[in-house]
Amino acid sequence: MELAEILPIGSALGEAARRLLSGDVVAIPTETVYGLAADATNGEAVARIFETKGRPRFNPLITHVATIAMAERIALFDPLSRKLADAFWPGPLTLVLPLRKEAGIHPLVTAGLETIALRMPVGFMPDLIAEIGRPLAAPSANSSGRISGTTAEAVERDLGSRIGLIVDGGPTPVGLESTIVKVGVEVGGVGVRLLRPGGTPAEAIEAVACVRLERGAKSGVEAPGMLLSHYAPKAAVRLDAGDVRAGETLLAFGPERVEGAEKARACLNLSPTGDLREAAANLFTYMHRLDAAGAATMAVEPIPRSGLGEAINDRLKRAAAPRDTPSRDMPLSRS
Ligand code: AMP
Ligand code: MG
C-alpha cells in the first residue's frame, strides 16, 4: 500500500476535514502526543481506529472538543468538573463525565458506558473540530503495544502504510498523554479521582479543586487509566453458539444462521455480509437492544478471531464472564 500523505498544519485543514467527514481516520498532532482521530459520531470510522492500531480490546477512547459549549452538549458537568475545564482547557486534562444520551456519540467510543472521557486540546485539532462541527475520538497514533508517536515521522514509520493522511505539526510539546480525572460524590463530600497521571500535574489540579486527589485502586482490580466497570448485559451470554435454545435471543453474524434461529425471541445481525468493521460498529448497540427483549440468555453466533474480530470476541467474552468474579473488570491494556 502507498504511504500516508504528510501535510503541514498550515495547509492540512481542508483535506483532513474532508477525510474525517467521509469516515476516514487521520493522524493529527495535539500538545500531548499525535492522535489517530475519527468522527466520534460515526461507528465505522471509530471501528477503523481499532483496526488501524490493531488494538485487541475495545477500551473507551477520549473524545476531543473545540469549545466548552460543545463539551456541554455531549456531557453533564457538575460544578467542580466545570471549574476544572475552565481552569485547564485547552490543555492536557481529560474529564470523565456522565454522557448525554442524545449527544450522538457512537457507543463504540465509550465502550457502551454511560460516561465519556472529554478533553479540549491545544493547537490544530480544535480548529479542525470547529471546521467539521463534530467531536473527534482519538487514542494515541501508534499501533497497539508501541509507544505513542510524538512526531509525524514516528507516526509515519509505525502507521504510514495503514492510513491516508498525517498532519505534521512538528514534535508535540508535552510529549506524554493527558491526565485523566473523574469527579465523584463520595462519602463525606465531593472527591476527584486520578484515573491516569499525565501532562497536567496532580498538584495543579489539587490547587484548583481544593481537594487532594484520590489515587490508587478503589477495588482490587482498578489500575490508573484503566476501566473499572464495563457495560454488562443483564442476560447471560452464550458464546460460539451452534444453535438457539428456547427463550434465547440471538446475536447473529454473517449470511448463514445457526440451527433454531427462527425460534429466537429476538435476533439482530451484527453484519449480514460478515464485515467485521460493521460488526464492531453495531456491537454495543445490539447488545443493549437484545437485552431490552428481556431474555435470560443471549446466544452469540461464532465470529472470526482475525482483525477486529479479536476485539469483538474479547468484548463478548467479558460480557459472558460470571457476574461476581473480577474477570469482567479485567484491567484493560493501554495502547
Ligand atoms: P487513550 O485514548 O489511548 O489515551 O486512552 C484513553 C484512556 O481513557 C484509557 O485509559 C481509558 O480507560 C480511559 N477512559 C476513557 N473513557 C473512560 C471512561 N468513560 N471512564 C473511565 N476511563 C475512561
Ligand atoms: Mg496510547
# chains A, B, ... in the order shown; residues from 1 in each chain; ligands from 1
$ residues_near_ligand --ligand "ligand 2" --cutoff "8 Å" --atoms "only C-alpha atoms and all ligand atoms" --output "number ranges by chain"
A: 139-142, 144, 147-148, 177, 334-335
$ write_last_selection --atoms "N, CA and C atoms" --output "PDB file, in the first residue's frame"
ATOM      1  N   PRO A 139      -7.355   8.000  20.177  1.00  0.00           N
ATOM      2  CA  PRO A 139      -6.293   7.498  21.052  1.00  0.00           C
ATOM      3  C   PRO A 139      -4.957   7.911  20.445  1.00  0.00           C
ATOM      4  N   SER A 140      -3.860   7.513  21.057  1.00  0.00           N
ATOM      5  CA  SER A 140      -2.557   7.879  20.513  1.00  0.00           C
ATOM      6  C   SER A 140      -2.326   7.184  19.163  1.00  0.00           C
ATOM      7  N   ALA A 141      -1.581   7.881  18.284  1.00  0.00           N
ATOM      8  CA  ALA A 141      -1.362   7.376  16.925  1.00  0.00           C
ATOM      9  C   ALA A 141      -0.167   6.435  16.907  1.00  0.00           C
ATOM     10  N   ASN A 142      -0.396   5.216  17.360  1.00  0.00           N
ATOM     11  CA  ASN A 142       0.649   4.183  17.341  1.00  0.00           C
ATOM     12  C   ASN A 142      -0.050   2.839  17.276  1.00  0.00           C
ATOM     13  N   SER A 144      -0.927  -0.862  18.504  1.00  0.00           N
ATOM     14  CA  SER A 144      -1.115  -1.372  19.856  1.00  0.00           C
ATOM     15  C   SER A 144       0.193  -1.953  20.389  1.00  0.00           C
ATOM     16  N   ILE A 147       5.028   2.595  21.600  1.00  0.00           N
ATOM     17  CA  ILE A 147       4.924   3.859  22.326  1.00  0.00           C
ATOM     18  C   ILE A 147       4.231   4.912  21.462  1.00  0.00           C
ATOM     19  N   SER A 148       3.648   5.884  22.148  1.00  0.00           N
ATOM     20  CA  SER A 148       2.878   6.925  21.468  1.00  0.00           C
ATOM     21  C   SER A 148       3.773   7.756  20.557  1.00  0.00           C
ATOM     22  N   GLU A 177       0.775  11.614  27.544  1.00  0.00           N
ATOM     23  CA  GLU A 177      -0.678  11.647  27.442  1.00  0.00           C
ATOM     24  C   GLU A 177      -1.301  12.593  28.468  1.00  0.00           C
ATOM     25  N   ARG A 334      -3.408  -0.624  27.899  1.00  0.00           N
ATOM     26  CA  ARG A 334      -3.346   0.723  27.316  1.00  0.00           C
ATOM     27  C   ARG A 334      -2.533   0.667  26.048  1.00  0.00           C
ATOM     28  N   SER A 335      -3.011   1.300  25.019  1.00  0.00           N
ATOM     29  CA  SER A 335      -2.205   1.376  23.813  1.00  0.00           C
ATOM     30  C   SER A 335      -2.500   2.667  23.104  1.00  0.00           C
TER      31      SER A 335
END
$ residues_around --residues "stretch 171-174 of chain A" --least-positions-apart "6" --cutoff "9 Å" --atoms "only C-alpha atoms" --output "list in words"
Pro29, Thr30, Glu31, Thr32, Val33, Tyr34, Pro92, Gly149, Thr150, Thr151, Ala152 and Gly199 of chain A
$ closest_residue --among "A:Leu283, A:Ile132, A:Ala252, A:Ala246" --to "A:Thr297" --atoms "only C-alpha atoms"
A:Ala246
$ residues_around --residues "A:Val237" --least-positions-apart "3" --cutoff "10 Å" --atoms "only C-alpha atoms" --output "PDB file with N, CA, C and O atoms, in the first residue's frame"
ATOM      1  N   ALA A 232     -22.366  -4.370  31.035  1.00  0.00           N
ATOM      2  CA  ALA A 232     -22.644  -5.801  31.104  1.00  0.00           C
ATOM      3  C   ALA A 232     -24.111  -6.014  30.789  1.00  0.00           C
ATOM      4  O   ALA A 232     -24.974  -5.415  31.422  1.00  0.00           O
ATOM      5  N   PRO A 233     -24.430  -6.855  29.819  1.00  0.00           N
ATOM      6  CA  PRO A 233     -25.844  -7.125  29.562  1.00  0.00           C
ATOM      7  C   PRO A 233     -26.470  -7.836  30.760  1.00  0.00           C
ATOM      8  O   PRO A 233     -25.769  -8.511  31.505  1.00  0.00           O
ATOM      9  N   LYS A 234     -27.785  -7.659  30.930  1.00  0.00           N
ATOM     10  CA  LYS A 234     -28.475  -8.351  32.019  1.00  0.00           C
ATOM     11  C   LYS A 234     -28.551  -9.837  31.709  1.00  0.00           C
ATOM     12  O   LYS A 234     -28.475 -10.673  32.593  1.00  0.00           O
ATOM     13  N   ASP A 240     -20.192 -18.501  20.834  1.00  0.00           N
ATOM     14  CA  ASP A 240     -19.956 -19.534  19.827  1.00  0.00           C
ATOM     15  C   ASP A 240     -21.108 -20.535  19.771  1.00  0.00           C
ATOM     16  O   ASP A 240     -20.875 -21.745  19.646  1.00  0.00           O
ATOM     17  N   ALA A 241     -22.323 -20.013  19.896  1.00  0.00           N
ATOM     18  CA  ALA A 241     -23.493 -20.892  19.945  1.00  0.00           C
ATOM     19  C   ALA A 241     -23.673 -21.605  18.610  1.00  0.00           C
ATOM     20  O   ALA A 241     -23.567 -20.997  17.550  1.00  0.00           O
ATOM     21  N   GLU A 248     -34.171 -17.924  24.130  1.00  0.00           N
ATOM     22  CA  GLU A 248     -32.971 -17.117  23.950  1.00  0.00           C
ATOM     23  C   GLU A 248     -33.153 -16.046  22.870  1.00  0.00           C
ATOM     24  O   GLU A 248     -33.942 -16.213  21.945  1.00  0.00           O
ATOM     25  N   THR A 249     -32.371 -14.978  22.980  1.00  0.00           N
ATOM     26  CA  THR A 249     -32.234 -14.048  21.860  1.00  0.00           C
ATOM     27  C   THR A 249     -30.979 -14.467  21.089  1.00  0.00           C
ATOM     28  O   THR A 249     -30.161 -15.238  21.593  1.00  0.00           O
ATOM     29  N   LEU A 250     -30.840 -13.949  19.871  1.00  0.00           N
ATOM     30  CA  LEU A 250     -29.693 -14.338  19.045  1.00  0.00           C
ATOM     31  C   LEU A 250     -28.957 -13.115  18.507  1.00  0.00           C
ATOM     32  O   LEU A 250     -29.542 -12.248  17.862  1.00  0.00           O
ATOM     33  N   LEU A 251     -27.654 -13.061  18.798  1.00  0.00           N
ATOM     34  CA  LEU A 251     -26.777 -12.066  18.183  1.00  0.00           C
ATOM     35  C   LEU A 251     -26.076 -12.798  17.037  1.00  0.00           C
ATOM     36  O   LEU A 251     -25.231 -13.656  17.263  1.00  0.00           O
ATOM     37  N   MET A 287     -26.121  -5.308  21.583  1.00  0.00           N
ATOM     38  CA  MET A 287     -26.192  -5.970  22.897  1.00  0.00           C
ATOM     39  C   MET A 287     -27.266  -5.300  23.755  1.00  0.00           C
ATOM     40  O   MET A 287     -28.063  -5.967  24.401  1.00  0.00           O
ATOM     41  N   ALA A 296     -33.398 -14.399  29.297  1.00  0.00           N
ATOM     42  CA  ALA A 296     -32.398 -14.766  30.306  1.00  0.00           C
ATOM     43  C   ALA A 296     -31.041 -15.000  29.663  1.00  0.00           C
ATOM     44  O   ALA A 296     -30.003 -14.789  30.283  1.00  0.00           O
ATOM     45  N   THR A 297     -31.038 -15.451  28.418  1.00  0.00           N
ATOM     46  CA  THR A 297     -29.766 -15.759  27.751  1.00  0.00           C
ATOM     47  C   THR A 297     -29.737 -15.224  26.324  1.00  0.00           C
ATOM     48  O   THR A 297     -30.741 -15.269  25.613  1.00  0.00           O
ATOM     49  N   MET A 298     -28.562 -14.712  25.950  1.00  0.00           N
ATOM     50  CA  MET A 298     -28.319 -14.246  24.589  1.00  0.00           C
ATOM     51  C   MET A 298     -27.325 -15.219  23.951  1.00  0.00           C
ATOM     52  O   MET A 298     -26.215 -15.388  24.451  1.00  0.00           O
ATOM     53  N   ALA A 299     -27.760 -15.882  22.886  1.00  0.00           N
ATOM     54  CA  ALA A 299     -26.840 -16.761  22.152  1.00  0.00           C
ATOM     55  C   ALA A 299     -26.087 -15.911  21.130  1.00  0.00           C
ATOM     56  O   ALA A 299     -26.666 -15.021  20.523  1.00  0.00           O
ATOM     57  N   VAL A 300     -24.795 -16.177  20.978  1.00  0.00           N
ATOM     58  CA  VAL A 300     -23.980 -15.410  20.024  1.00  0.00           C
ATOM     59  C   VAL A 300     -23.355 -16.372  19.022  1.00  0.00           C
ATOM     60  O   VAL A 300     -22.679 -17.324  19.408  1.00  0.00           O
ATOM     61  N   LEU A 316     -17.102  -9.715  23.917  1.00  0.00           N
ATOM     62  CA  LEU A 316     -18.174 -10.680  24.169  1.00  0.00           C
ATOM     63  C   LEU A 316     -17.792 -11.617  25.312  1.00  0.00           C
ATOM     64  O   LEU A 316     -18.624 -11.993  26.134  1.00  0.00           O
ATOM     65  N   LYS A 317     -16.511 -11.978  25.381  1.00  0.00           N
ATOM     66  CA  LYS A 317     -16.037 -12.855  26.456  1.00  0.00           C
ATOM     67  C   LYS A 317     -16.219 -12.175  27.812  1.00  0.00           C
ATOM     68  O   LYS A 317     -16.614 -12.789  28.790  1.00  0.00           O
ATOM     69  N   ARG A 318     -15.935 -10.874  27.858  1.00  0.00           N
ATOM     70  CA  ARG A 318     -16.150 -10.127  29.104  1.00  0.00           C
ATOM     71  C   ARG A 318     -17.628 -10.099  29.461  1.00  0.00           C
ATOM     72  O   ARG A 318     -18.003 -10.202  30.626  1.00  0.00           O
ATOM     73  N   ALA A 319     -18.480  -9.930  28.454  1.00  0.00           N
ATOM     74  CA  ALA A 319     -19.925  -9.899  28.694  1.00  0.00           C
ATOM     75  C   ALA A 319     -20.407 -11.265  29.191  1.00  0.00           C
ATOM     76  O   ALA A 319     -21.381 -11.350  29.928  1.00  0.00           O
ATOM     77  N   ALA A 320     -19.709 -12.321  28.788  1.00  0.00           N
ATOM     78  CA  ALA A 320     -20.129 -13.672  29.151  1.00  0.00           C
ATOM     79  C   ALA A 320     -19.567 -14.132  30.490  1.00  0.00           C
ATOM     80  O   ALA A 320     -19.997 -15.145  31.031  1.00  0.00           O
ATOM     81  N   ALA A 321     -18.584 -13.394  31.035  1.00  0.00           N
ATOM     82  CA  ALA A 321     -17.922 -13.837  32.268  1.00  0.00           C
ATOM     83  C   ALA A 321     -18.917 -13.844  33.424  1.00  0.00           C
ATOM     84  O   ALA A 321     -19.806 -13.005  33.477  1.00  0.00           O
ATOM     85  N   PRO A 322     -18.764 -14.778  34.368  1.00  0.00           N
ATOM     86  CA  PRO A 322     -19.662 -14.813  35.524  1.00  0.00           C
ATOM     87  C   PRO A 322     -19.694 -13.457  36.221  1.00  0.00           C
ATOM     88  O   PRO A 322     -18.676 -12.784  36.317  1.00  0.00           O
TER      89      PRO A 322
END
$ select_by_dssp --residues "stretch 220-308 of chain A" --states "helix (DSSP H, G or I)" --output "PyMOL selection string"
chain A and resi 261-263+276-291
$ write_last_selection --atoms "N, CA, C and O atoms" --output "mmCIF file, in the first residue's frame"
data_model
loop_
_atom_site.group_PDB
_atom_site.id
_atom_site.type_symbol
_atom_site.label_atom_id
_atom_site.label_comp_id
_atom_site.auth_asym_id
_atom_site.auth_seq_id
_atom_site.Cartn_x
_atom_site.Cartn_y
_atom_site.Cartn_z
ATOM 1 N N ALA A 261 -32.537 -20.756 14.687
ATOM 2 C CA ALA A 261 -32.519 -19.284 14.710
ATOM 3 C C ALA A 261 -33.927 -18.710 14.627
ATOM 4 O O ALA A 261 -34.210 -17.654 15.210
ATOM 5 N N GLU A 262 -34.814 -19.415 13.936
ATOM 6 C CA GLU A 262 -36.188 -18.900 13.763
ATOM 7 C C GLU A 262 -36.946 -18.886 15.092
ATOM 8 O O GLU A 262 -37.932 -18.173 15.249
ATOM 9 N N LYS A 263 -36.443 -19.657 16.087
ATOM 10 C CA LYS A 263 -37.101 -19.687 17.410
ATOM 11 C C LYS A 263 -36.686 -18.518 18.299
ATOM 12 O O LYS A 263 -37.262 -18.302 19.352
ATOM 13 N N LEU A 276 -16.375 -7.321 9.524
ATOM 14 C CA LEU A 276 -16.034 -7.140 10.944
ATOM 15 C C LEU A 276 -16.101 -5.672 11.374
ATOM 16 O O LEU A 276 -16.395 -5.367 12.525
ATOM 17 N N ARG A 277 -15.830 -4.754 10.437
ATOM 18 C CA ARG A 277 -15.898 -3.327 10.801
ATOM 19 C C ARG A 277 -17.340 -2.928 11.106
ATOM 20 O O ARG A 277 -17.613 -2.236 12.087
ATOM 21 N N GLU A 278 -18.245 -3.401 10.277
ATOM 22 C CA GLU A 278 -19.666 -3.129 10.514
ATOM 23 C C GLU A 278 -20.107 -3.786 11.824
ATOM 24 O O GLU A 278 -20.857 -3.205 12.625
ATOM 25 N N ALA A 279 -19.621 -5.006 12.066
ATOM 26 C CA ALA A 279 -19.987 -5.727 13.291
ATOM 27 C C ALA A 279 -19.503 -4.982 14.531
ATOM 28 O O ALA A 279 -20.228 -4.847 15.521
ATOM 29 N N ALA A 280 -18.268 -4.455 14.468
ATOM 30 C CA ALA A 280 -17.729 -3.701 15.607
ATOM 31 C C ALA A 280 -18.585 -2.476 15.879
ATOM 32 O O ALA A 280 -18.901 -2.152 17.025
ATOM 33 N N ALA A 281 -18.992 -1.796 14.812
ATOM 34 C CA ALA A 281 -19.785 -0.574 14.970
ATOM 35 C C ALA A 281 -21.155 -0.875 15.580
ATOM 36 O O ALA A 281 -21.731 -0.046 16.265
ATOM 37 N N ASN A 282 -21.694 -2.078 15.329
ATOM 38 C CA ASN A 282 -23.030 -2.411 15.832
ATOM 39 C C ASN A 282 -23.022 -3.090 17.203
ATOM 40 O O ASN A 282 -24.069 -3.244 17.832
ATOM 41 N N LEU A 283 -21.847 -3.535 17.659
ATOM 42 C CA LEU A 283 -21.778 -4.447 18.804
ATOM 43 C C LEU A 283 -22.500 -3.933 20.061
ATOM 44 O O LEU A 283 -23.375 -4.599 20.608
ATOM 45 N N PHE A 284 -22.137 -2.742 20.532
ATOM 46 C CA PHE A 284 -22.695 -2.264 21.806
ATOM 47 C C PHE A 284 -24.186 -1.965 21.676
ATOM 48 O O PHE A 284 -24.980 -2.295 22.562
ATOM 49 N N THR A 285 -24.576 -1.346 20.572
ATOM 50 C CA THR A 285 -25.987 -1.020 20.369
ATOM 51 C C THR A 285 -26.832 -2.290 20.334
ATOM 52 O O THR A 285 -27.899 -2.354 20.952
ATOM 53 N N TYR A 286 -26.354 -3.312 19.636
ATOM 54 C CA TYR A 286 -27.155 -4.533 19.500
ATOM 55 C C TYR A 286 -27.209 -5.312 20.811
ATOM 56 O O TYR A 286 -28.220 -5.923 21.128
ATOM 57 N N MET A 287 -26.121 -5.308 21.583
ATOM 58 C CA MET A 287 -26.192 -5.970 22.897
ATOM 59 C C MET A 287 -27.266 -5.300 23.755
ATOM 60 O O MET A 287 -28.063 -5.967 24.401
ATOM 61 N N HIS A 288 -27.291 -3.956 23.749
ATOM 62 C CA HIS A 288 -28.317 -3.215 24.501
ATOM 63 C C HIS A 288 -29.715 -3.568 23.998
ATOM 64 O O HIS A 288 -30.630 -3.814 24.779
ATOM 65 N N ARG A 289 -29.875 -3.581 22.681
ATOM 66 C CA ARG A 289 -31.217 -3.794 22.119
ATOM 67 C C ARG A 289 -31.712 -5.205 22.384
ATOM 68 O O ARG A 289 -32.887 -5.411 22.699
ATOM 69 N N LEU A 290 -30.834 -6.187 22.272
ATOM 70 C CA LEU A 290 -31.266 -7.559 22.557
ATOM 71 C C LEU A 290 -31.577 -7.719 24.033
ATOM 72 O O LEU A 290 -32.515 -8.415 24.406
ATOM 73 N N ASP A 291 -30.809 -7.044 24.870
ATOM 74 C CA ASP A 291 -31.051 -7.118 26.306
ATOM 75 C C ASP A 291 -32.445 -6.584 26.644
ATOM 76 O O ASP A 291 -33.107 -7.085 27.550
#
$ residues_around --residues "stretch 44-51 of chain A" --least-positions-apart "4" --cutoff "9 Å" --atoms "only C-alpha atoms" --output "short mmCIF file (atom, residue, chain, number, x, y, z; two decimals) with N, CA and C atoms, in the first residue's frame"
data_model
loop_
_atom_site.label_atom_id
_atom_site.label_comp_id
_atom_site.auth_asym_id
_atom_site.auth_seq_id
_atom_site.Cartn_x
_atom_site.Cartn_y
_atom_site.Cartn_z
N LEU A 20 -12.08 13.14 7.33
CA LEU A 20 -12.81 12.78 8.55
C LEU A 20 -14.30 12.71 8.29
N SER A 22 -15.68 11.89 5.60
CA SER A 22 -16.02 10.71 4.79
C SER A 22 -15.78 9.41 5.56
N GLY A 23 -15.47 9.50 6.87
CA GLY A 23 -15.37 8.30 7.70
C GLY A 23 -13.97 7.70 7.78
N ASP A 24 -12.98 8.48 7.36
CA ASP A 24 -11.60 8.03 7.38
C ASP A 24 -10.94 8.36 8.74
N VAL A 25 -9.80 7.73 9.02
CA VAL A 25 -9.00 8.12 10.19
C VAL A 25 -7.85 9.01 9.71
N LEU A 36 -4.79 9.42 16.68
CA LEU A 36 -5.37 8.80 15.49
C LEU A 36 -6.87 9.07 15.58
N ALA A 37 -7.33 10.08 14.81
CA ALA A 37 -8.66 10.63 15.02
C ALA A 37 -9.69 10.10 14.04
N ALA A 38 -10.94 10.03 14.52
CA ALA A 38 -12.09 9.69 13.68
C ALA A 38 -13.30 10.43 14.22
N ASP A 39 -14.27 10.68 13.35
CA ASP A 39 -15.55 11.29 13.72
C ASP A 39 -16.21 10.44 14.82
N ALA A 40 -16.40 11.02 16.00
CA ALA A 40 -16.92 10.26 17.15
C ALA A 40 -18.40 9.90 17.00
N ARG A 55 -5.68 -2.85 17.88
CA ARG A 55 -5.99 -2.95 19.30
C ARG A 55 -6.83 -4.18 19.58
N PRO A 56 -6.38 -5.04 20.51
CA PRO A 56 -7.13 -6.28 20.75
C PRO A 56 -8.36 -6.08 21.63
N ARG A 57 -8.57 -4.84 22.12
CA ARG A 57 -9.71 -4.61 23.02
C ARG A 57 -10.40 -3.30 22.69
N PHE A 58 -11.72 -3.29 22.91
CA PHE A 58 -12.47 -2.04 22.75
C PHE A 58 -12.45 -1.26 24.05
N HIS A 106 -21.08 7.81 19.16
CA HIS A 106 -21.27 6.39 18.87
C HIS A 106 -20.82 5.54 20.07
N LEU A 108 -19.35 2.82 20.41
CA LEU A 108 -18.01 2.22 20.35
C LEU A 108 -16.96 3.15 20.97
N VAL A 109 -17.23 4.46 20.97
CA VAL A 109 -16.30 5.43 21.56
C VAL A 109 -16.21 5.22 23.07
N ALA A 137 -12.95 11.35 18.19
CA ALA A 137 -12.42 10.33 19.10
C ALA A 137 -10.99 10.08 18.66
N ALA A 138 -10.07 10.02 19.61
CA ALA A 138 -8.68 9.80 19.22
C ALA A 138 -7.84 9.22 20.35
N PRO A 139 -7.36 8.00 20.18
CA PRO A 139 -6.29 7.50 21.05
C PRO A 139 -4.96 7.91 20.44
N SER A 144 -0.93 -0.86 18.50
CA SER A 144 -1.11 -1.37 19.86
C SER A 144 0.19 -1.95 20.39
N LEU A 276 -16.38 -7.32 9.52
CA LEU A 276 -16.03 -7.14 10.94
C LEU A 276 -16.10 -5.67 11.37
N ARG A 277 -15.83 -4.75 10.44
CA ARG A 277 -15.90 -3.33 10.80
C ARG A 277 -17.34 -2.93 11.11
N GLU A 278 -18.25 -3.40 10.28
CA GLU A 278 -19.67 -3.13 10.51
C GLU A 278 -20.11 -3.79 11.82
N ALA A 279 -19.62 -5.01 12.07
CA ALA A 279 -19.99 -5.73 13.29
C ALA A 279 -19.50 -4.98 14.53
N ALA A 280 -18.27 -4.46 14.47
CA ALA A 280 -17.73 -3.70 15.61
C ALA A 280 -18.58 -2.48 15.88
N ALA A 281 -18.99 -1.80 14.81
CA ALA A 281 -19.78 -0.57 14.97
C ALA A 281 -21.15 -0.87 15.58
N ASN A 282 -21.69 -2.08 15.33
CA ASN A 282 -23.03 -2.41 15.83
C ASN A 282 -23.02 -3.09 17.20
N GLY A 307 -8.30 -9.89 12.72
CA GLY A 307 -8.50 -8.44 12.63
C GLY A 307 -9.34 -7.92 13.78
N LEU A 308 -10.37 -7.11 13.47
CA LEU A 308 -11.24 -6.56 14.51
C LEU A 308 -11.99 -7.64 15.27
N ALA A 311 -10.98 -8.06 18.99
CA ALA A 311 -11.57 -7.14 19.97
C ALA A 311 -13.05 -7.46 20.18
#
$ residues_around --residues "A:Gly104" --least-positions-apart "6" --cutoff "10 Å" --atoms "only C-alpha atoms" --output "list of chain:residue names"
A:Ala40, A:Thr41, A:Asn42, A:Arg73, A:Ile74, A:Arg134, A:Pro135
$ closest_residue --among "A:Gly191, A:Gly260, A:Pro302, A:Gly164" --to "A:Gly247" --atoms "only C-alpha atoms"
A:Gly260
$ closest_residue --among "A:Arg18, A:Lys53, A:Lys83, A:Arg215" --to "ligand 1" --atoms "only C-alpha atoms and all ligand atoms"
A:Lys53
$ select_by_dssp --residues "stretch 3-238 of chain A" --states "strand (DSSP E)" --output "ChimeraX atom specification"
/A:5-8,26-28,35-39,62-64,93-98,115-119,136-137,165-168,179-186,189-196,236-238
$ residues_around --residues "A:Arg100" --least-positions-apart "4" --cutoff "10 Å" --atoms "only C-alpha atoms" --output "PyMOL selection string"
chain A and resi 72-76+104-105+114-116
$ write_last_selection --atoms "C-alpha atoms" --output "tab-separated table (two decimals), in the first residue's frame"
chain	number	residue	atom	x	y	z
A	72	GLU	CA	-21.65	20.70	27.47
A	73	ARG	CA	-23.75	19.36	24.60
A	74	ILE	CA	-22.06	15.96	24.98
A	75	ALA	CA	-21.76	15.51	28.76
A	76	LEU	CA	-23.25	16.69	32.03
A	104	GLY	CA	-24.95	11.36	19.13
A	105	ILE	CA	-21.63	9.88	20.31
A	114	GLU	CA	-22.75	5.83	30.43
A	115	THR	CA	-19.73	8.05	30.97
A	116	ILE	CA	-17.43	9.73	28.46
